[in-house]
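Asks: Would you mind keeping the following structure in view while I ask a few things?
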Amino acid sequence: MHPLAPVGTLFAVTVWPLLAAFLLLLTPENRQSASSLTFAVAGLVITPLAVWLMPGTDALAAACSCIVTAIPLLLPQAKDRTGRILPFLVTGCALLALNIHSAFAVTVLCGAGTVLLAWREGRGPRRALVVWDMARSRLGGVVLGVLGASLLPMQQSSLGAVLLTVGLCMVAGLGPSPAPAPEAALLDTGLRFSALMLMFRLSAYPLVHLLMLIAGFGAIIMLVSSRSSDRNMSLPMLSALGALAAATGEGTALVLLLLAALGLAVLDLRGAADGEDGIAAGAAPWPVFSALVGIGRSLETEQLVLLVVCLLPALWSVRHRTLLPAFARGERGMVAVMQAVLLLGGLCGPLFLTWHPVTGWRP
């Protein structure tokens, strides 16, 4: 059995969103907007220091935590108290799930984050039906995952690992479900990749590698065959590629896909996702291209051919565009910064793929 995590690291990385949510609950209404911005900036500064300086750090979890911790800052300001508090709670669940050393706890935290996200997005009769319909299948995955995590100590059988993997595939959104709204997609990114990171740690179990490949390729084929032009479909596609990265043991590719998913969600939220289809499709020099290189080097030849065939139509339809259109238009806001971050991540991606960190723990 593994300890839950180094207590100092777990506390330093995950306490700030929960503390921020509690303090916002006590803050007067007229000061909540400024306070939430202060807490989000403070968390963005504290987390990278905590995850890299604390002893016993898991390198891949640390890299993902540094990306996920930016979510509250990237969201637009909500108009009510509940809308300001819930993003910190969802981010806290994702950070805990990335850093805690327990498959059972990670699954439960992903489920808790899903419920909180559905609560935030489902306030209102017309939105509630769609949001809770999306959450229902994810929560079914949590039930399967909890059952599988409970059976993991049975070393003589792989049933626990198989059930946990199937549940995590559902939690990560690998299946037919409505595309989330832009704000929900941004918050959901951390939860999906927390589940994918646990799937990455399970790849050594018998049958699990095959199940992940089937889930990843199945989700990609469903998305491609639907021929949807909805830009909100970028998160499901990147989640499916994340399942392939987890199956092949390419943790660095998983981090690059998380960066791309977060960046695309921000661009979509700011209304600047038009013309960014090449990023999700895997065009160079963006992070998804580097992630595909990492995944491709670990796939068998037949699997690599299948992946190329699935992605080729999307790549074929990509239009030529300048690398940083926001800077070309003279913009210097969040859109321009995010485009620059994505380009920098893509350019550094090949170098990042040479990094092979030791997995900190496995269930």
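In the structure tokens, chains take letters A, B, ... by order of appearance, with residues numbered from 1 within each chain and ligands from 1 in the order shown.
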Could you tell me, as a CSV table (one decimal) with C-alpha atoms, in the first residue's frame, which residues of region 214-284 of chain A DSSP assigns to alpha helix (DSSP H) when given the backbone?

Replies:
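Contents of result_29.csv, freshly written:
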chain,number,residue,atom,x,y,z
A,214,ILE,CA,-9.6,0.4,-27.4
A,215,ALA,CA,-11.1,3.3,-25.5
A,216,GLY,CA,-8.8,5.9,-27.1
A,217,PHE,CA,-9.2,4.7,-30.6
A,218,GLY,CA,-12.9,4.1,-30.2
A,219,ALA,CA,-13.5,7.6,-28.9
A,220,ILE,CA,-11.4,9.1,-31.8
A,221,ILE,CA,-13.3,7.1,-34.4
A,222,MET,CA,-16.6,8.2,-33.0
A,223,LEU,CA,-15.6,11.8,-33.0
A,224,VAL,CA,-14.2,11.6,-36.5
A,225,SER,CA,-17.2,9.8,-37.9
A,226,SER,CA,-19.6,12.3,-36.4
A,234,SER,CA,-11.5,19.7,-29.0
A,235,LEU,CA,-11.6,18.6,-25.4
A,236,PRO,CA,-13.2,15.1,-26.1
A,237,MET,CA,-10.6,14.6,-28.9
A,238,LEU,CA,-7.7,15.6,-26.7
A,239,SER,CA,-9.0,13.4,-23.9
A,240,ALA,CA,-9.1,10.5,-26.4
A,241,LEU,CA,-5.5,11.2,-27.4
A,242,GLY,CA,-4.7,11.3,-23.6
A,243,ALA,CA,-6.0,7.8,-23.3
A,244,LEU,CA,-3.5,6.7,-26.0
A,245,ALA,CA,-0.7,8.6,-24.2
A,246,ALA,CA,-1.7,6.8,-20.9
A,247,ALA,CA,-1.7,3.4,-22.7
A,248,THR,CA,1.7,3.9,-24.2
A,251,GLY,CA,3.5,10.9,-19.5
A,252,THR,CA,5.2,13.9,-21.2
A,253,ALA,CA,2.7,13.7,-24.1
A,254,LEU,CA,-0.1,13.7,-21.5
A,255,VAL,CA,1.3,17.0,-20.0
A,256,LEU,CA,1.4,18.5,-23.5
A,257,LEU,CA,-2.2,17.5,-24.2
A,258,LEU,CA,-3.3,19.0,-20.9
A,259,LEU,CA,-1.6,22.3,-21.9
A,260,ALA,CA,-3.3,22.2,-25.3
A,261,ALA,CA,-6.7,21.4,-23.9
A,262,LEU,CA,-6.4,24.3,-21.4
A,263,GLY,CA,-5.3,26.7,-24.0
A,264,LEU,CA,-8.0,25.8,-26.5
A,265,ALA,CA,-10.7,26.1,-23.8
A,266,VAL,CA,-9.5,29.6,-22.9
A,267,LEU,CA,-9.4,30.6,-26.6
A,268,ASP,CA,-12.9,29.2,-27.0
A,269,LEU,CA,-14.1,31.0,-23.9
A,277,ASP,CA,-8.7,23.9,-35.4
A,278,GLY,CA,-5.1,23.1,-36.4
A,279,ILE,CA,-4.0,23.0,-32.8
A,280,ALA,CA,-6.4,20.3,-31.8
A,281,ALA,CA,-5.9,18.4,-35.1

Asks: Would you list the contacts of region 168-176 of chain A as a list in words, taking every protein, DNA or RNA residue within 6 Å and counting only C-alpha atoms, but skipping same-chain residues closer than 6 positions in sequence?

Replies: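 Residues near the query, excluding close chain neighbours: Arg138, Gly141, Arg192, Ala195 and Ala219 of chain A.
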
Asks: What does the file look like for those residues with C-alpha atoms, as a PDB file, in the first residue's frame?

Replies:
ATOM      1  CA  ARG A 138     -19.375  10.207 -15.482  1.00  0.00           C
ATOM      2  CA  GLY A 141     -17.803   5.626 -14.083  1.00  0.00           C
ATOM      3  CA  ARG A 192     -10.499  14.695 -17.080  1.00  0.00           C
ATOM      4  CA  ALA A 195      -8.446  10.582 -14.369  1.00  0.00           C
ATOM      5  CA  ALA A 219     -13.460   7.647 -28.947  1.00  0.00           C
TER       6      ALA A 219
END

Asks: Using only C-alpha atoms, which of the listed residues (A:Ser177, A:Ser317, A:Thr14, A:Ser150) sits closest to Gly92 (chain A)?

Replies: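 Nearest to Gly92 (chain A): A:Thr14.
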
Asks: I'd like the contact shell of region 84-88 of chain A - 10 Å cut-off, only C-alpha atoms, skipping same-chain residues fewer than 6 positions apart - returned as a VMD selection string.

Replies: chain A and resid 16 to 25 32 to 33 35 to 37 39 to 40 69 71 to 73 75 to 78 94 113 116 to 117 119 to 121 183 to 184 186 to 187

Asks: Suppose you want the space between CA of Gly43 (chain A) and CA of Val15 (chain A); what is it in Å?

Replies: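 Atom-to-atom, CA of Gly43 (chain A) and CA of Val15 (chain A) are spaced 9.4 Å apart.
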
Asks: Using only C-alpha atoms, which of the listed residues (A:Ala336, A:Ala61, A:Leu292, A:Val166) sits closest to Val143 (chain A)?

Replies: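 Distance minimum relative to Val143 (chain A) lands on A:Val166.
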
Asks: Could you check which of A:Ser298, A:Gln339, A:Asn99, A:Thr322 is closest to Leu353 (chain A), using only C-alpha atoms?

Replies: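 Ranked by minimum distance to Leu353 (chain A), first place goes to A:Ser298.
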
Asks: Using only C-alpha atoms, can you tell me which of A:Leu351, A:Val335, A:Ala314, A:Leu98 comes closest to Ala59 (chain A)?

Replies: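 Ranked by minimum distance to Ala59 (chain A), first place goes to A:Leu98.
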